[in-house]
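Just structure.txt here, compact mmCIF, C-alpha atoms and all ligand atoms:
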```txt
# COMPACT_ATOMS: atom_id res chain seq x y z
CA MET W 43 128.38 70.50 58.77
CA ASN W 44 124.99 69.09 59.58
CA ILE W 45 124.37 68.67 63.30
CA SER W 46 120.97 67.42 64.31
CA THR W 47 119.14 68.78 67.34
CA ALA W 48 118.60 66.30 70.16
CA SER W 49 115.29 64.51 69.89
CA ARG W 50 114.43 65.56 73.45
CA LEU W 51 113.60 69.00 71.97
CA ALA W 52 111.35 67.54 69.27
CA ASN W 53 108.14 68.79 70.88
CA THR W 54 109.51 71.89 72.59
CA GLY W 55 109.71 75.28 70.90
CA GLU W 56 111.33 78.44 72.23
CA TYR W 57 109.42 79.71 75.29
CA TYR W 58 106.42 81.80 74.18
CA PHE W 59 107.52 84.98 75.97
CA SER W 60 111.08 84.61 74.75
CA ARG W 61 109.72 84.89 71.20
CA LYS W 62 106.95 87.38 71.90
CA LEU W 63 109.05 89.85 73.88
CA ARG W 64 111.60 89.88 71.02
CA GLU W 65 108.76 90.65 68.60
CA LEU W 66 107.48 93.46 70.84
CA ALA W 67 111.03 94.84 71.25
CA ALA W 68 111.42 94.92 67.45
CA LEU W 69 108.11 96.80 67.11
CA ASN W 70 109.23 99.23 69.82
CA ALA W 71 112.60 99.73 68.13
CA ALA W 72 110.62 100.75 65.04
CA GLY W 73 108.77 103.32 67.18
CA ALA W 74 105.57 101.46 68.10
CA ASN W 75 105.70 102.33 71.86
CA ILE W 76 103.75 99.26 72.94
CA ILE W 77 102.44 98.97 76.49
CA SER W 78 102.94 95.38 77.56
CA LEU W 79 100.59 93.79 80.06
CA GLY W 80 102.24 90.48 79.22
CA ILE W 81 104.65 88.88 81.67
CA GLY W 82 104.41 88.99 85.45
CA SER W 83 107.73 90.67 86.07
CA PRO W 84 107.26 93.08 89.00
CA ASP W 85 108.31 96.60 87.99
CA LEU W 86 108.62 97.75 91.62
CA PRO W 87 111.97 97.63 93.45
CA PRO W 88 112.82 95.30 96.32
CA HIS W 89 112.82 96.67 99.88
CA PRO W 90 115.84 98.96 100.59
CA SER W 91 117.13 96.50 103.21
CA VAL W 92 117.38 93.86 100.49
CA ILE W 93 119.42 96.09 98.21
CA ALA W 94 121.59 97.16 101.17
CA ALA W 95 122.34 93.50 101.99
CA LEU W 96 123.37 92.85 98.40
CA ALA W 97 125.55 95.96 98.27
CA ALA W 98 127.19 95.25 101.64
CA THR W 99 128.08 91.72 100.62
CA ALA W 100 129.23 92.74 97.15
CA SER W 101 131.58 95.37 98.64
CA GLN W 102 133.50 92.76 100.64
CA PRO W 103 136.66 91.37 99.01
CA THR W 104 136.06 87.77 100.11
CA THR W 105 132.49 87.14 98.98
CA HIS W 106 132.90 86.47 95.28
CA GLY W 107 133.68 82.79 95.12
CA TYR W 108 131.48 79.82 94.36
CA GLN W 109 128.92 79.13 97.03
CA SER W 110 127.52 75.94 98.47
CA TYR W 111 125.32 73.95 96.07
CA GLN W 112 122.76 73.79 98.87
CA GLY W 113 122.72 77.50 99.72
CA THR W 114 124.12 79.01 102.91
CA PRO W 115 122.90 77.74 106.29
CA ALA W 116 121.61 81.29 106.95
CA LEU W 117 119.45 81.24 103.81
CA ARG W 118 118.09 77.77 104.51
CA GLN W 119 117.25 78.87 108.05
CA ALA W 120 115.55 82.05 106.72
CA MET W 121 113.46 79.94 104.33
CA ALA W 122 112.48 77.51 107.09
CA SER W 123 111.52 80.41 109.37
CA PHE W 124 109.49 81.97 106.54
CA TYR W 125 107.55 78.70 106.15
CA GLN W 126 106.92 78.47 109.88
CA ARG W 127 105.78 82.07 110.14
CA SER W 128 103.76 82.25 106.93
CA TYR W 129 102.17 78.82 106.77
CA GLY W 130 102.73 77.14 110.13
CA VAL W 131 104.86 74.50 108.41
CA ALA W 132 107.94 73.23 110.29
CA LEU W 133 110.89 72.39 108.03
CA ASP W 134 114.34 71.14 108.94
CA PRO W 135 116.64 73.74 107.34
CA ALA W 136 119.42 71.17 107.00
CA THR W 137 117.47 68.60 104.99
CA GLU W 138 114.03 69.89 103.95
CA VAL W 139 114.96 73.20 102.27
CA LEU W 140 116.83 73.60 98.99
CA PRO W 141 117.42 77.18 97.77
CA LEU W 142 117.08 77.56 94.00
CA ALA W 143 118.09 80.12 91.39
CA GLY W 144 114.36 80.51 90.56
CA SER W 145 111.47 78.10 90.79
CA LYS W 146 111.29 77.72 86.99
CA GLU W 147 114.74 76.15 87.20
CA GLY W 148 113.54 74.03 90.13
CA LEU W 149 110.82 72.52 87.96
CA MET W 150 113.48 71.25 85.59
CA HIS W 151 115.58 69.87 88.47
CA ILE W 152 112.60 67.88 89.70
CA GLY W 153 111.75 66.65 86.22
CA MET W 154 115.31 65.58 85.48
CA ALA W 155 115.62 63.84 88.82
CA PHE W 156 112.36 61.87 88.65
CA LEU W 157 110.88 61.67 85.13
CA GLU W 158 111.79 59.47 82.21
CA THR W 159 110.31 57.70 79.21
CA GLY W 160 107.41 55.51 80.30
CA ASP W 161 106.30 57.87 83.07
CA ALA W 162 103.20 60.00 82.73
CA VAL W 163 102.76 63.45 84.30
CA LEU W 164 99.50 65.24 85.09
CA ILE W 165 99.64 68.92 84.18
CA PRO W 166 96.93 71.59 84.35
CA ASN W 167 95.16 72.93 81.26
CA PRO W 168 95.39 75.92 81.45
CA GLY W 169 98.68 76.16 83.32
CA TYR W 170 102.22 77.52 83.35
CA PRO W 171 103.78 76.42 80.00
CA THR W 172 107.01 75.27 81.67
CA TYR W 173 105.22 72.23 83.15
CA ARG W 174 104.64 70.76 79.70
CA ALA W 175 108.12 71.69 78.49
CA VAL W 176 109.78 70.01 81.48
CA ALA W 177 107.74 66.82 81.07
CA GLU W 178 108.46 66.66 77.34
CA ILE W 179 112.17 67.40 77.65
CA CYS W 180 112.41 64.65 80.27
CA GLY W 181 110.71 62.21 77.87
CA ALA W 182 107.59 61.72 79.97
CA GLU W 183 104.06 61.49 78.62
CA VAL W 184 102.01 64.64 79.23
CA ARG W 185 98.47 64.08 80.49
CA GLU W 186 96.50 67.27 80.82
CA TYR W 187 93.83 67.62 83.45
CA ASP W 188 91.05 70.05 82.66
CA LEU W 189 90.48 73.22 84.59
CA THR W 190 87.42 75.17 83.52
CA ALA W 191 85.23 77.95 84.84
CA ALA W 192 82.49 75.33 85.34
CA THR W 193 84.53 73.54 88.00
CA GLY W 194 85.91 76.75 89.51
CA TRP W 195 89.28 76.05 87.82
CA LEU W 196 89.86 73.09 90.15
CA PRO W 197 90.59 69.57 88.86
CA ASP W 198 87.88 66.94 89.02
CA LEU W 199 89.84 64.49 91.17
CA ASP W 200 86.99 61.98 91.26
CA SER W 201 86.94 61.49 87.52
CA LEU W 202 90.75 61.52 87.37
CA ALA W 203 90.71 58.71 89.93
CA GLU W 204 88.57 56.66 87.53
CA SER W 205 91.14 56.92 84.73
CA ASP W 206 94.16 54.63 84.36
CA LEU W 207 96.77 56.23 86.58
CA SER W 208 99.16 53.28 86.67
CA ARG W 209 101.95 55.14 84.84
CA VAL W 210 101.32 58.54 86.42
CA LYS W 211 104.32 59.37 88.57
CA MET W 212 103.88 63.07 89.15
CA MET W 213 101.14 65.71 89.25
CA LEU W 214 101.94 69.39 88.89
CA VAL W 215 99.60 71.68 90.77
CA ASN W 216 99.63 75.45 91.19
CA TYR W 217 97.37 77.39 93.58
CA PRO W 218 96.85 80.32 93.65
CA HIS W 219 96.51 79.28 90.06
CA MET W 220 98.18 81.09 87.21
CA PRO W 221 96.68 82.23 84.83
CA THR W 222 93.16 82.15 86.34
CA GLY W 223 93.94 83.62 89.79
CA THR W 224 92.02 80.87 91.59
CA PRO W 225 93.03 80.54 95.26
CA PRO W 226 93.16 77.13 96.94
CA THR W 227 90.79 76.02 99.68
CA PRO W 228 91.90 73.84 102.61
CA GLU W 229 89.34 71.20 101.55
CA PHE W 230 90.75 71.03 98.03
CA LEU W 231 94.35 70.72 99.26
CA GLN W 232 93.27 67.97 101.64
CA LYS W 233 91.54 66.09 98.83
CA LEU W 234 94.60 66.45 96.64
CA VAL W 235 96.82 64.83 99.25
CA GLU W 236 94.33 61.97 99.64
CA PHE W 237 94.26 61.50 95.85
CA ALA W 238 98.07 61.45 95.56
CA THR W 239 98.43 59.11 98.52
CA ALA W 240 95.83 56.68 97.17
CA HIS W 241 97.45 56.55 93.71
CA ASP W 242 101.16 56.77 94.60
CA ILE W 243 101.64 60.04 92.78
CA MET W 244 104.27 62.63 93.67
CA LEU W 245 102.64 66.04 94.00
CA VAL W 246 104.67 69.06 92.99
CA HIS W 247 102.96 72.22 94.18
CA ASP W 248 104.14 75.44 92.56
CA ASN W 249 103.29 78.28 94.93
CA PRO W 250 104.74 81.63 93.82
CA TYR W 251 101.61 83.82 94.06
CA GLY W 252 100.29 83.39 97.60
CA PHE W 253 101.31 86.83 98.81
CA VAL W 254 99.96 88.91 95.93
CA LEU W 255 96.38 90.23 96.27
CA ASN W 256 95.36 87.20 98.28
CA GLU W 257 92.37 87.94 100.47
CA THR W 258 92.81 84.69 102.43
CA PRO W 259 96.03 83.83 104.32
CA PRO W 260 98.55 82.21 101.98
CA MET W 261 98.42 78.42 102.12
CA SER W 262 101.08 75.78 101.72
CA LEU W 263 100.20 72.31 100.55
CA LEU W 264 102.69 71.04 103.12
CA ALA W 265 100.39 72.27 105.90
CA VAL W 266 97.96 69.46 105.06
CA PRO W 267 98.44 66.43 107.33
CA GLY W 268 100.21 63.69 105.36
CA ALA W 269 101.38 66.06 102.61
CA LYS W 270 105.03 65.83 103.51
CA GLU W 271 104.94 62.16 102.51
CA VAL W 272 103.68 62.82 98.98
CA ALA W 273 104.43 66.44 98.06
CA LEU W 274 107.21 68.83 97.26
CA GLU W 275 106.55 72.55 97.12
CA LEU W 276 108.23 75.25 95.08
CA ASN W 277 108.19 78.82 96.31
CA SER W 278 109.69 81.98 94.91
CA LEU W 279 110.77 85.47 95.89
CA SER W 280 110.19 86.74 92.34
CA LYS W 281 106.66 88.07 92.81
CA SER W 282 106.33 88.34 96.59
CA HIS W 283 109.53 90.34 97.06
CA ASN W 284 110.04 91.99 93.64
CA LEU W 285 113.12 89.89 92.96
CA ALA W 286 112.22 88.27 89.63
CA GLY W 287 115.49 89.17 87.93
CA TRP W 288 117.62 88.09 90.88
CA ARG W 289 116.49 84.46 90.58
CA VAL W 290 115.70 83.22 94.08
CA GLY W 291 113.34 80.39 94.85
CA MET W 292 113.17 77.32 97.01
CA LEU W 293 112.18 73.68 96.92
CA VAL W 294 110.90 72.34 100.22
CA GLY W 295 109.63 69.02 101.53
CA ARG W 296 110.81 65.42 101.80
CA ALA W 297 114.51 65.17 102.58
CA ASP W 298 115.14 62.10 100.40
CA TRP W 299 113.45 63.74 97.38
CA LEU W 300 115.43 66.93 97.91
CA THR W 301 118.61 64.86 97.97
CA GLU W 302 117.70 63.52 94.52
CA GLY W 303 116.90 67.06 93.32
CA LEU W 304 120.31 68.20 94.54
CA ARG W 305 121.92 65.31 92.72
CA PHE W 306 120.78 66.87 89.45
CA LYS W 307 121.04 70.53 90.48
CA SER W 308 124.61 70.26 91.77
CA ASN W 309 125.62 69.10 88.31
CA MET W 310 123.76 72.03 86.70
CA ASP W 311 124.77 75.14 88.63
CA SER W 312 127.39 76.19 91.13
CA GLY W 313 125.29 77.98 93.73
CA MET W 314 124.02 81.54 93.96
CA PHE W 315 126.17 84.63 94.52
CA LEU W 316 126.49 85.20 98.28
CA GLY W 317 125.15 88.77 97.93
CA ILE W 318 121.89 87.46 96.49
CA GLN W 319 121.62 84.89 99.28
CA GLN W 320 122.21 87.52 101.97
CA ALA W 321 119.68 89.79 100.26
CA ALA W 322 117.16 86.94 100.20
CA VAL W 323 117.67 86.48 103.95
CA ALA W 324 116.78 90.17 104.40
CA ALA W 325 113.75 89.83 102.10
CA LEU W 326 112.42 86.79 103.94
CA ALA W 327 112.54 88.72 107.22
CA LEU W 328 110.10 91.36 105.91
CA GLY W 329 106.75 91.34 107.65
CA ASP W 330 103.15 92.26 106.99
CA ASP W 331 103.94 95.93 106.28
CA TRP W 332 105.85 94.96 103.16
CA PHE W 333 102.97 92.93 101.76
CA ALA W 334 100.40 95.55 102.77
CA GLU W 335 102.23 98.23 100.79
CA LEU W 336 102.81 95.96 97.82
CA ASN W 337 99.17 94.95 97.69
CA ALA W 338 97.88 98.51 98.06
CA THR W 339 99.76 99.30 94.85
CA TYR W 340 98.44 96.23 93.05
CA ARG W 341 94.89 96.90 94.25
CA ALA W 342 94.86 100.36 92.65
CA ARG W 343 96.31 98.93 89.45
CA ARG W 344 93.77 96.13 89.42
CA GLU W 345 90.95 98.67 89.20
CA LEU W 346 92.48 100.25 86.10
CA VAL W 347 93.14 96.89 84.44
CA ARG W 348 89.57 95.83 85.15
CA GLU W 349 88.36 99.04 83.49
CA LEU W 350 90.54 98.31 80.48
CA LEU W 351 89.15 94.80 80.18
CA ALA W 352 85.60 96.10 80.60
CA ALA W 353 86.24 98.57 77.77
CA LEU W 354 87.03 95.52 75.62
CA ALA W 355 83.77 93.86 76.78
CA CYS W 356 85.81 91.11 78.49
CA GLU W 357 84.30 89.43 81.52
CA VAL W 358 86.29 89.17 84.73
CA ALA W 359 85.23 86.65 87.35
CA PRO W 360 85.42 87.89 90.95
CA GLY W 361 87.75 86.52 93.62
CA GLN W 362 90.93 86.33 91.56
CA THR W 363 94.29 86.52 93.31
CA GLY W 364 97.89 86.95 92.10
CA LEU W 365 99.63 89.23 89.67
CA PHE W 366 97.21 89.00 86.73
CA ILE W 367 93.61 89.34 85.69
CA TRP W 368 92.07 86.52 83.67
CA ALA W 369 89.24 87.62 81.44
CA ALA W 370 86.78 85.89 79.12
CA VAL W 371 86.81 87.28 75.59
CA PRO W 372 83.50 88.56 74.17
CA PRO W 373 81.90 86.54 71.35
CA HIS W 374 82.71 89.05 68.61
CA TYR W 375 86.34 87.89 68.79
CA ALA W 376 87.10 84.34 67.63
CA ASP W 377 89.33 83.76 70.68
CA GLY W 378 91.97 85.32 72.92
CA TYR W 379 94.54 85.30 70.12
CA ALA W 380 92.23 87.36 67.91
CA LEU W 381 91.57 89.88 70.67
CA SER W 382 95.26 90.10 71.57
CA ASP W 383 96.25 90.66 67.94
CA ALA W 384 93.56 93.31 67.42
CA VAL W 385 94.43 95.23 70.57
CA LEU W 386 98.15 95.06 69.78
CA ALA W 387 97.65 96.27 66.22
CA GLU W 388 95.11 98.98 66.95
CA ALA W 389 95.85 100.15 70.51
CA ARG W 390 99.50 99.10 70.87
CA VAL W 391 98.66 97.31 74.11
CA PHE W 392 99.77 93.72 74.57
CA LEU W 393 97.57 91.21 76.43
CA THR W 394 98.60 87.57 76.65
CA PRO W 395 96.28 85.22 74.73
CA GLY W 396 94.95 82.63 77.17
CA GLY W 397 95.52 79.83 74.64
CA ILE W 398 99.26 79.83 75.32
CA PHE W 399 98.45 78.24 78.70
CA GLY W 400 96.49 75.40 77.09
CA SER W 401 93.36 74.85 75.00
CA ASN W 402 91.03 75.59 77.93
CA GLY W 403 92.42 79.12 77.89
CA ASN W 404 91.51 79.78 74.26
CA GLY W 405 88.55 82.00 75.04
CA TYR W 406 90.50 84.19 77.47
CA VAL W 407 93.21 86.79 77.79
CA ARG W 408 95.52 87.46 80.73
CA ALA W 409 96.53 90.98 81.78
CA SER W 410 99.47 91.63 84.08
CA LEU W 411 99.44 94.22 86.88
CA CYS W 412 103.15 94.96 86.43
CA GLN W 413 102.85 98.48 85.04
CA PRO W 414 102.55 101.76 86.96
CA GLU W 415 99.19 103.49 87.18
CA ASP W 416 100.06 106.26 84.70
CA VAL W 417 101.01 103.65 82.09
CA LEU W 418 97.81 101.71 82.78
CA ARG W 419 95.80 104.92 82.34
CA GLU W 420 97.48 105.47 78.98
CA ALA W 421 96.70 101.85 78.04
CA LEU W 422 93.07 102.39 79.04
CA GLU W 423 92.83 105.53 76.90
CA ARG W 424 94.29 103.73 73.91
CA VAL W 425 91.87 100.85 74.26
CA LYS W 426 88.88 103.16 74.63
CA ASN W 427 89.94 105.04 71.49
CA GLN W 428 90.35 101.73 69.65
CA GLN W 429 86.89 100.61 70.65
CA GLU W 430 85.39 103.80 69.26
CA ARG W 431 86.90 103.09 65.86
CA PRO W 432 84.85 100.79 63.60
CA THR W 433 87.78 98.79 62.21
CA ALA W 434 88.45 96.36 65.04
CA LEU W 435 90.29 93.30 63.72
CA ALA W 436 87.76 90.91 65.17
CA GLU W 437 86.87 87.46 63.88
CA THR W 438 90.38 86.27 63.01
CA SER W 439 91.97 83.42 64.87
CA HIS W 440 95.71 82.84 65.02
CA ASN W 441 95.43 79.78 67.18
C1 LIG I 501 103.00 79.54 87.92
C2 LIG I 501 104.42 79.98 87.88
N1 LIG I 501 105.35 79.19 88.39
C3 LIG I 501 106.65 79.53 88.40
C4 LIG I 501 107.07 80.73 87.85
C5 LIG I 501 108.53 81.03 87.82
O1 LIG I 501 108.95 81.85 88.84
P1 LIG I 501 110.47 82.06 89.15
O2 LIG I 501 110.76 83.48 88.85
O3 LIG I 501 110.63 81.72 90.60
O4 LIG I 501 111.27 81.13 88.30
C6 LIG I 501 106.14 81.59 87.28
C7 LIG I 501 106.59 82.83 86.66
O5 LIG I 501 105.95 83.52 85.96
C8 LIG I 501 104.78 81.21 87.30
O6 LIG I 501 103.83 81.98 86.78
```
Output the file's structure as structure tokens, nothing else.
Amino acid sequence: MNISTASRLANTGEYYFSRKLRELAALNAAGANIISLGIGSPDLPPHPSVIAALAATASQPTTHGYQSYQGTPALRQAMASFYQRSYGVALDPATEVLPLAGSKEGLMHIGMAFLETGDAVLIPNPGYPTYRAVAEICGAEVREYDLTAATGWLPDLDSLAESDLSRVKMMLVNYPHMPTGTPPTPEFLQKLVEFATAHDIMLVHDNPYGFVLNETPPMSLLAVPGAKEVALELNSLSKSHNLAGWRVGMLVGRADWLTEGLRFKSNMDSGMFLGIQQAAVAALALGDDWFAELNATYRARRELVRELLAALACEVAPGQTGLFIWAAVPPHYADGYALSDAVLAEARVFLTPGGIFGSNGNGYVRASLCQPEDVLREALERVKNQQERPTALAETSHN
């Protein structure tokens, strides 16, 4: 039988890390013992109160059924309170908060609810690869906007405003920015809202990194006056609360847009297990102590990862925030792919080539902070030993 794949997948391959992690697992199964500084999956556990809430709910006989498509009132209230406390943003928990099984999934809900053939979407280059995949799967035209070191990894909104934006329906934005670690400024967020308002563009702000190694208070785009008219925001407990595998996120903002998101989502999933929702309520109640401890751990790790990157002669710009370090590759490697391949082959350490986030990332690699210090020390030793050997696999590009 010959069954063709739907044309909506014509431009979309398997997710990079889905492929790459399988490749690394196969190498490990053959005894390679690779240290991965690839994905941003926190290795640390959630707070004990979060696990206790899950266990308590799971041990009840009556908690195992389908849950509301909109999340429990308690979870929506906890999310609204978190926004008020963290960002000074008031949200109506009944209409302006939609709990999600992960913000990656939320991106697809938004795309499916609002994008179709004929629409254009602005996405960052470099940026989270899911933005492009969502736009392409939904049949929309992808228009990349450039982020470069020269502009501080912020979009040039003035020159974008001079281009033909008539078909642009949505702009995806993500600050603190992954992969570059660039934090937002209030002025930039303000300008973004003005830009979107002037050109009738829906802003979707993806905001999962605000609580990790952020020297400034975390910011929400919705705190900008007028933003609630033009913007939705995604947030996530994956990185801030060490809950990546549990799949908890949220979509917040305009009630009528959330209603449309729910129209798609309620046909996709059947709610989250009550135990996870109760655990998320406990997580969202955690205060500054939780983040202080988390960030003390990441700060120590950051020093070791910086040393590792320095040993590779990579350059790290100051002021980065989030769960990764973004580093410019030295000229003796053709690009980030070449460096990543060489370090994997010779030191058995995996760094993500920056090119997977878009062409403006070609000269970079991204290193995750999601490994304990002893593992990072081992990675550093391996890299230093590799650098002392004369056979570095430089000068090859696999772009
Ligand atoms: C920029 C960005 N957005 C969204 C996500 C997805 O997070 P979640 O676990 O909430 O789906 C990630 C995860 O790596 C990310 O880097």
Of the listed residues W:Pro226, W:Gly80, W:Gly313, W:Gly397, that which approaches ligand LIG 501 (chain I) most closely, counting all atoms listed in the file: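 That would be W:Gly80, the residue with the smallest distance to ligand LIG 501 (chain I).
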Throw together the list of residues within 8 Å of ligand LIG 501 (chain I), counting only C-alpha atoms and all ligand atoms, and drop it here as a CSV table (one decimal) with C-alpha atoms, in the frame of the given file.
```csv
chain,number,residue,atom,x,y,z
W,81,ILE,CA,104.6,88.9,81.7
W,82,GLY,CA,104.4,89.0,85.4
W,83,SER,CA,107.7,90.7,86.1
W,143,ALA,CA,118.1,80.1,91.4
W,144,GLY,CA,114.4,80.5,90.6
W,145,SER,CA,111.5,78.1,90.8
W,146,LYS,CA,111.3,77.7,87.0
W,147,GLU,CA,114.7,76.2,87.2
W,148,GLY,CA,113.5,74.0,90.1
W,169,GLY,CA,98.7,76.2,83.3
W,170,TYR,CA,102.2,77.5,83.4
W,172,THR,CA,107.0,75.3,81.7
W,216,ASN,CA,99.6,75.4,91.2
W,219,HIS,CA,96.5,79.3,90.1
W,220,MET,CA,98.2,81.1,87.2
W,221,PRO,CA,96.7,82.2,84.8
W,248,ASP,CA,104.1,75.4,92.6
W,249,ASN,CA,103.3,78.3,94.9
W,250,PRO,CA,104.7,81.6,93.8
W,251,TYR,CA,101.6,83.8,94.1
W,277,ASN,CA,108.2,78.8,96.3
W,278,SER,CA,109.7,82.0,94.9
W,279,LEU,CA,110.8,85.5,95.9
W,280,SER,CA,110.2,86.7,92.3
W,281,LYS,CA,106.7,88.1,92.8
W,285,LEU,CA,113.1,89.9,93.0
W,286,ALA,CA,112.2,88.3,89.6
W,287,GLY,CA,115.5,89.2,87.9
W,289,ARG,CA,116.5,84.5,90.6
W,290,VAL,CA,115.7,83.2,94.1
W,291,GLY,CA,113.3,80.4,94.8
```
Go through W:Pro166, W:Gly160, W:Pro88, W:Gly364 one by one, measure the shortest atom-to-atom distance of each to Asn256 of chain W using all atoms listed in the file, and give the residue with the smallest value.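 For Asn256 of chain W, the nearest of the candidates is W:Gly364.
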Which residues are near Lys307 of chain W? Cut-off 9 Å, all atoms listed in the file, ignore same chain within fewer than 6 positions. Put them as a PyMOL selection string. chain W and resi 111+142+148+151-152+155
Would you compute the distance between atom CA of Asn402 of chain W and atom CA of Leu157 of chain W? Give it in Å to one decimal.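 One can read the atom CA of Asn402 of chain W to atom CA of Leu157 of chain W distance as 25.3 Å.
The smallest atom-to-atom distance between Ala191 of chain W and any of W:Arg424, W:Gly55, W:Pro168, W:Glu178, using all atoms listed in the file, is found for W:Pro168.
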Which residue is closest to Pro218 of chain W? Choose from W:Leu354, W:Leu231, W:Val347, W:Ala98 and count all atoms listed in the file. W:Leu231
Neighbours of Ser128 of chain W within 9 Å (all atoms listed in the file; same-chain residues fewer than 4 positions away dropped), as an mmCIF file with C-alpha atoms, in the coordinates of the input?
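Output contents, as saved in part25.cif:
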```cif
data_model
loop_
_atom_site.group_PDB
_atom_site.id
_atom_site.type_symbol
_atom_site.label_atom_id
_atom_site.label_comp_id
_atom_site.auth_asym_id
_atom_site.auth_seq_id
_atom_site.Cartn_x
_atom_site.Cartn_y
_atom_site.Cartn_z
ATOM 1 C CA SER W 123 111.520 80.410 109.370
ATOM 2 C CA PHE W 124 109.490 81.970 106.540
ATOM 3 C CA PRO W 259 96.030 83.830 104.320
ATOM 4 C CA PRO W 260 98.550 82.210 101.980
ATOM 5 C CA MET W 261 98.420 78.420 102.120
ATOM 6 C CA SER W 262 101.080 75.780 101.720
#
```
Hey, which of W:Val210, W:Leu386, W:Ala71, W:Leu418 ends up closest to Ala238 of chain W? Count only C-alpha atoms. W:Val210
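Comparing the minimum interatomic distances between Tyr340 of chain W and each of W:Leu393, W:Ala273, W:Leu255, W:Leu207, counting only C-alpha atoms, we find that W:Leu255 sits nearest.
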